[in-house]
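The structure under discussion appears below in the form of structure tokens.
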Amino acid sequence: MKTTFRVLYMIGFLVSVHKNGNAENSLPINNTPPGNINSLIPVPLSLQIDTGYFSLSASTPIYVDPGTKEALTFGVYLEQKLMPATGFYLNVSTLPIQPTAHCIILTKTGADSSLGEEGYTLIIKSDRVTITALNSTGIFYGIQTLRQLLPALIESSAHQSGPWEIPDLTIRDKPRFAWRGLMIDVARHFFAVKDIKHIIDEMAYYKLNRLHLHLTDDQGWRIAINSWPDLTSIGGSTQTIGGSGGYYSQEQYADIVEYAQSRNIMIVPEIDMPGHTNAALASYSDLNEDSKARLPYTGMDVGFSSLAINKEISYAFVDSVVRELTSITPGPFIHLGGDEAHTLSDSDYVKFIQRVQSIVQSYHKQLIGWEEIAKATLLPSSIIQLWNTGVKQSAIEHGAKIIMSPASKTYLDMKYNSQTSLGQDWAGFITVKDAYDWDPAKLFDTLPEKSILGIEAPLWTETITSISEIEFMIFPRLPGIAEIGWSPQEDRHWDEYSERLAEQGQRLTLMGINFYKSNQVNWK
């Protein structure tokens, strides 16, 4: 029997709530156990509560399946997440035939295949916590749920006294959509590897699984292409509103990819073209129709640049970029932009898209492009990312898969309101409620849910210059985006969600996240 979170919230409310009526004040930290069921984001598919509690102690072992490095890695990951606040150095070892009492078990044995590749079962009893999944992805997501079920102080970096109690319950969980993403524009302003890893950890907490890196634009080229070195020496030297720019070496990019994989997040690289290419046009004169190098650009206008689509060198350039990027990108996707190519006729634009998608396919990758690519005849594997006005009906009828990123709902660089100091407002203000209270399957009448691959929230960085500013713009809207991507639509209700988000405020504070304290939420 399915238990809704509207009921669960009231149960949690009765055992532990401390309201703070002024949303803009600093947030008090409350460690009253065990009312943590009312803070889970995303809301799970089903949750049943039993009587009793599991209490984590210094003698609680973590058992994992034998024989795989991945299983041991996730066991150690859980131990490291629990250690700072608890002070417990929990023993991680392979699962014995007869596990000791009072343990945590991470296992694939007995997994429910109906929950799919990302689903998991979490069973908590007074003497045992068991996370079961078909593969390590589901186990990792079960670990995130377990973290959120513990008292908020578990996220503290300093030792706390506890107790570390979790109510006995059973959760069966799986995502609604396969694609649950965040996009960070590192082209307008560049962000270091450590900043990207920081974002990856924050994404993982909410079961997001795609990080789309917008690596190139008019203002900067951020990934080394060894066969075209001036892309970074010239094109990577600038950024919006001035500054020294920067770029990732291929080794640094590979490090980001590997770190993301350890958090079950796939890196999706984007090289924007044929427009948004001034950084490349400034680096190599031959990529221009007139063979004259453009000046570096640090402004905020769009739509003025284009590769020379009638010159063969442009396609040799695309081939080189895709080839080198493919060699360091294990995921199946290469994003080639395709938006706002205002200087090209539709016929020239279509010719370019159809040729470059064949280049991508020749390297055994799938093309992703912004919604404008639907003007072309797309390969069955190509994916459209909706951002503005929708997608042509003919593309939907031909089976195109859609990533939903409507600017008026998901663009996290939009201001929260007229008083927000950071961000832009060309797509309108997006409050915390606006970002959460919509259904991807209902936004466009002509777009059936079966066509929707998932949801992604972009953060463009024309006005964003630091990791603290990134956090301010994505939190607390990103948890809502994550829940849209993960949870069943019928289980999502703003009034109830806002209460769970209020409980998350303590955790965000303890994680050191610089989040916007919206007055739409009664922060705890």
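Chains: A, B, ... in order of the structure tokens. Residues: from 1 per chain. Ligands: from 1, in order shown.
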### Query
Looking only at the backbone, which of the residues in range 256-371 of chain A does DSSP tag as alpha helix (DSSP H), as a ChimeraX atom specification?
/A:256-261,278-283,312-327,346-362
Store the residues of this selection in a file with N, CA and C atoms, as a short mmCIF file (atom, residue, chain, number, x, y, z; two decimals), in the first residue's frame.
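Generated output (out_36.cif):
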```cif
data_model
loop_
_atom_site.label_atom_id
_atom_site.label_comp_id
_atom_site.auth_asym_id
_atom_site.auth_seq_id
_atom_site.Cartn_x
_atom_site.Cartn_y
_atom_site.Cartn_z
N ILE A 256 37.46 15.38 -14.06
CA ILE A 256 36.06 15.74 -13.78
C ILE A 256 35.14 14.59 -14.14
N VAL A 257 35.35 14.00 -15.32
CA VAL A 257 34.52 12.88 -15.77
C VAL A 257 34.59 11.73 -14.78
N GLU A 258 35.80 11.38 -14.33
CA GLU A 258 35.97 10.27 -13.40
C GLU A 258 35.32 10.56 -12.06
N TYR A 259 35.46 11.80 -11.58
CA TYR A 259 34.85 12.16 -10.30
C TYR A 259 33.33 12.09 -10.41
N ALA A 260 32.80 12.59 -11.51
CA ALA A 260 31.35 12.54 -11.72
C ALA A 260 30.87 11.09 -11.76
N GLN A 261 31.60 10.22 -12.43
CA GLN A 261 31.22 8.81 -12.49
C GLN A 261 31.15 8.20 -11.09
N ASN A 278 32.44 32.89 -31.47
CA ASN A 278 33.44 33.94 -31.65
C ASN A 278 34.81 33.57 -31.06
N ALA A 279 34.82 32.81 -29.95
CA ALA A 279 36.12 32.41 -29.37
C ALA A 279 36.92 31.58 -30.37
N ALA A 280 36.24 30.70 -31.10
CA ALA A 280 36.93 29.91 -32.14
C ALA A 280 37.31 30.78 -33.32
N LEU A 281 36.43 31.70 -33.71
CA LEU A 281 36.69 32.58 -34.86
C LEU A 281 37.84 33.53 -34.58
N ALA A 282 38.04 33.89 -33.31
CA ALA A 282 39.19 34.73 -32.94
C ALA A 282 40.48 33.92 -32.91
N SER A 283 40.36 32.63 -32.72
CA SER A 283 41.54 31.77 -32.61
C SER A 283 42.07 31.35 -33.97
N GLU A 312 35.27 23.82 -46.27
CA GLU A 312 35.55 22.47 -45.79
C GLU A 312 36.36 22.46 -44.50
N ILE A 313 37.15 23.51 -44.29
CA ILE A 313 37.95 23.53 -43.06
C ILE A 313 37.07 23.55 -41.82
N SER A 314 35.88 24.13 -41.94
CA SER A 314 34.98 24.15 -40.79
C SER A 314 34.58 22.73 -40.38
N TYR A 315 34.36 21.87 -41.35
CA TYR A 315 33.96 20.50 -41.04
C TYR A 315 35.15 19.66 -40.59
N ALA A 316 36.34 19.99 -41.09
CA ALA A 316 37.55 19.35 -40.57
C ALA A 316 37.75 19.74 -39.10
N PHE A 317 37.47 21.00 -38.80
CA PHE A 317 37.54 21.50 -37.43
C PHE A 317 36.54 20.76 -36.54
N VAL A 318 35.29 20.66 -36.98
CA VAL A 318 34.29 19.95 -36.19
C VAL A 318 34.71 18.50 -35.96
N ASP A 319 35.21 17.86 -37.00
CA ASP A 319 35.64 16.47 -36.87
C ASP A 319 36.74 16.32 -35.82
N SER A 320 37.71 17.22 -35.85
CA SER A 320 38.81 17.15 -34.88
C SER A 320 38.30 17.34 -33.45
N VAL A 321 37.42 18.32 -33.28
CA VAL A 321 36.89 18.59 -31.94
C VAL A 321 36.10 17.40 -31.42
N VAL A 322 35.22 16.85 -32.25
CA VAL A 322 34.40 15.71 -31.83
C VAL A 322 35.28 14.50 -31.56
N ARG A 323 36.27 14.27 -32.40
CA ARG A 323 37.17 13.13 -32.22
C ARG A 323 37.90 13.21 -30.89
N GLU A 324 38.49 14.36 -30.59
CA GLU A 324 39.25 14.48 -29.34
C GLU A 324 38.34 14.46 -28.12
N LEU A 325 37.17 15.09 -28.25
CA LEU A 325 36.25 15.10 -27.12
C LEU A 325 35.70 13.70 -26.86
N THR A 326 35.44 12.97 -27.92
CA THR A 326 34.95 11.60 -27.79
C THR A 326 35.96 10.72 -27.06
N SER A 327 37.23 10.94 -27.30
CA SER A 327 38.26 10.09 -26.69
C SER A 327 38.34 10.25 -25.18
N ASP A 346 17.83 29.55 -43.01
CA ASP A 346 17.38 28.23 -42.56
C ASP A 346 18.02 27.12 -43.39
N SER A 347 18.15 27.34 -44.68
CA SER A 347 18.71 26.29 -45.54
C SER A 347 20.17 26.03 -45.22
N ASP A 348 20.94 27.09 -44.99
CA ASP A 348 22.35 26.90 -44.62
C ASP A 348 22.47 26.25 -43.23
N TYR A 349 21.60 26.66 -42.33
CA TYR A 349 21.63 26.09 -40.98
C TYR A 349 21.33 24.60 -41.03
N VAL A 350 20.29 24.21 -41.77
CA VAL A 350 19.91 22.81 -41.88
C VAL A 350 21.04 21.99 -42.50
N LYS A 351 21.68 22.53 -43.54
CA LYS A 351 22.80 21.84 -44.17
C LYS A 351 23.91 21.57 -43.16
N PHE A 352 24.21 22.54 -42.34
CA PHE A 352 25.26 22.38 -41.33
C PHE A 352 24.88 21.31 -40.31
N ILE A 353 23.69 21.39 -39.75
CA ILE A 353 23.27 20.45 -38.70
C ILE A 353 23.28 19.02 -39.23
N GLN A 354 22.77 18.82 -40.44
CA GLN A 354 22.70 17.46 -40.96
C GLN A 354 24.08 16.89 -41.23
N ARG A 355 25.02 17.74 -41.56
CA ARG A 355 26.38 17.23 -41.79
C ARG A 355 27.09 16.94 -40.47
N VAL A 356 26.96 17.82 -39.49
CA VAL A 356 27.70 17.60 -38.25
C VAL A 356 27.10 16.46 -37.42
N GLN A 357 25.79 16.22 -37.56
CA GLN A 357 25.25 15.09 -36.81
C GLN A 357 25.80 13.76 -37.35
N SER A 358 26.12 13.74 -38.64
CA SER A 358 26.76 12.55 -39.20
C SER A 358 28.18 12.38 -38.68
N ILE A 359 28.87 13.50 -38.45
CA ILE A 359 30.21 13.44 -37.87
C ILE A 359 30.14 12.85 -36.46
N VAL A 360 29.18 13.34 -35.67
CA VAL A 360 29.01 12.82 -34.31
C VAL A 360 28.71 11.32 -34.35
N GLN A 361 27.82 10.92 -35.23
CA GLN A 361 27.46 9.51 -35.33
C GLN A 361 28.66 8.65 -35.76
N SER A 362 29.53 9.20 -36.58
CA SER A 362 30.69 8.44 -37.06
C SER A 362 31.63 8.07 -35.91
#
```
### Message
Just want the 12 Å neighbourhood of Trp426 in chain A, counted on only C-alpha atoms, with same-chain residues fewer than 2 positions away dropped. Output as a list in words.
### Response
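That gives Asn388, Ala407, Ser408, Tyr411, Asp413, Met414, Lys415, Ser418, Gly423, Gln424, Gly428, Phe429 and Ile430 of chain A.
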Please write the residues from the selection above to a file, keeping C-alpha atoms, as a short mmCIF file (atom, residue, chain, number, x, y, z; two decimals), in the first residue's frame.
```
data_model
loop_
_atom_site.label_atom_id
_atom_site.label_comp_id
_atom_site.auth_asym_id
_atom_site.auth_seq_id
_atom_site.Cartn_x
_atom_site.Cartn_y
_atom_site.Cartn_z
CA ASN A 388 12.20 28.47 -25.68
CA ALA A 407 13.58 28.95 -19.87
CA SER A 408 10.59 30.27 -17.91
CA TYR A 411 16.78 28.67 -16.26
CA ASP A 413 20.24 32.30 -13.96
CA MET A 414 16.85 34.04 -13.92
CA LYS A 415 16.30 36.21 -10.86
CA SER A 418 12.93 42.09 -8.81
CA GLY A 423 21.00 37.00 -12.56
CA GLN A 424 18.89 38.15 -15.48
CA GLY A 428 10.87 36.35 -16.35
CA PHE A 429 11.38 35.93 -12.65
CA ILE A 430 11.45 32.31 -11.44
#
```
### Task
With a distance cut-off of 9 Å and only C-alpha atoms, select the neighbouring residues of range 476-489 of chain A, excluding the residue or stretch itself and same-chain residues fewer than 2 positions from it, and output the selection as a PyMOL selection string.
chain A and resi 41-45+173-182+203+206-208+410+412+430-440+454-457+471-474+491-493+497+501+505+508+515-518
### Point-to-point distance from CA of Gln250 in chain A to CA of Ile223 in chain A, Å rounded to tenths
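Rounded to one decimal, the two atoms are 6.9 Å apart.
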### Message
Between CA of Asp112 in chain A and CA of Ile403 in chain A, what distance in Å does the model show, to one decimal?
### Response
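CA of Ile403 in chain A lies at a distance of 27.9 Å from CA of Asp112 in chain A.
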### DSSP strand (DSSP E or B) selection over range 92-168 of chain A, as a list of chain:residue names
A:Val92, A:Ser93, A:Thr94, A:Cys103, A:Ile104, A:Ile105, A:Leu106, A:Thr107, A:Tyr120, A:Thr121, A:Leu122, A:Ile123, A:Ile124, A:Lys125, A:Arg128, A:Val129, A:Thr130, A:Ile131, A:Thr132, A:Glu165, A:Ile166, A:Pro167, A:Asp168
### Message
Quick one: residues within 10 Å of Leu447 in chain A, only C-alpha atoms, excluding same-chain residues fewer than 2 positions away - as a list in words?
### Response
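That gives Gly390, Val391, Lys392, Gln393, Ile396, Glu397, Ile402, Pro440, Ala441, Lys442, Leu443, Phe444, Asp445, Glu449, Lys450, Ser451 and Ile452 of chain A.
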### Message
Can you pull out the residues contacting range 70-77 of chain A? Cut-off 10 Å, using only C-alpha atoms, and skip same-chain residues under 3 positions away; I want them as a VMD selection string.
### Response
chain A and resid 61 to 67 80 to 82 90 to 94 104 to 108 135 to 137 139 to 140 143 262 to 263
Any chance you can output those residues with C-alpha atoms as an mmCIF file, in the first residue's frame?
```
data_model
loop_
_atom_site.group_PDB
_atom_site.id
_atom_site.type_symbol
_atom_site.label_atom_id
_atom_site.label_comp_id
_atom_site.auth_asym_id
_atom_site.auth_seq_id
_atom_site.Cartn_x
_atom_site.Cartn_y
_atom_site.Cartn_z
ATOM 1 C CA PRO A 61 29.580 -2.339 10.467
ATOM 2 C CA ILE A 62 28.918 -1.629 6.787
ATOM 3 C CA TYR A 63 28.759 -4.794 4.675
ATOM 4 C CA VAL A 64 29.051 -4.841 0.872
ATOM 5 C CA ASP A 65 28.889 -7.568 -1.756
ATOM 6 C CA PRO A 66 32.227 -9.332 -2.293
ATOM 7 C CA GLY A 67 34.221 -9.250 -5.485
ATOM 8 C CA GLN A 80 33.168 8.924 5.010
ATOM 9 C CA LYS A 81 29.873 10.802 4.839
ATOM 10 C CA LEU A 82 28.890 9.611 8.317
ATOM 11 C CA LEU A 90 32.767 2.366 10.771
ATOM 12 C CA ASN A 91 34.273 -0.871 9.527
ATOM 13 C CA VAL A 92 33.569 -1.570 5.833
ATOM 14 C CA SER A 93 33.931 -5.201 4.778
ATOM 15 C CA THR A 94 32.450 -7.847 2.511
ATOM 16 C CA ILE A 104 24.210 -1.699 7.356
ATOM 17 C CA ILE A 105 24.084 -3.911 4.250
ATOM 18 C CA LEU A 106 24.572 -2.702 0.665
ATOM 19 C CA THR A 107 23.750 -5.542 -1.706
ATOM 20 C CA LYS A 108 22.462 -6.576 -5.117
ATOM 21 C CA ASN A 135 23.389 -2.334 -9.565
ATOM 22 C CA SER A 136 25.617 0.151 -7.820
ATOM 23 C CA THR A 137 23.660 3.136 -9.178
ATOM 24 C CA ILE A 139 22.686 1.472 -4.106
ATOM 25 C CA PHE A 140 24.235 4.933 -4.376
ATOM 26 C CA ILE A 143 22.674 5.897 0.349
ATOM 27 C CA SER A 262 32.031 8.095 -8.835
ATOM 28 C CA ARG A 263 28.826 9.995 -7.986
#
```
### Query
Between A:Asp230, A:Arg210, A:Tyr297, A:Ser244, which has the minimum distance to Pro269 in chain A (counting only C-alpha atoms)?
A:Arg210
### Message
Using only C-alpha atoms, which protein or nucleic acid residues come within 12 Å of Ile196 in chain A? Drop anything in the same chain fewer than 4 positions from it, and give the result as a PyMOL selection string.
### Response
chain A and resi 182-186+190-192+200-203+211-213+248+252-253+255-257+259-260+267+466-467+470-471
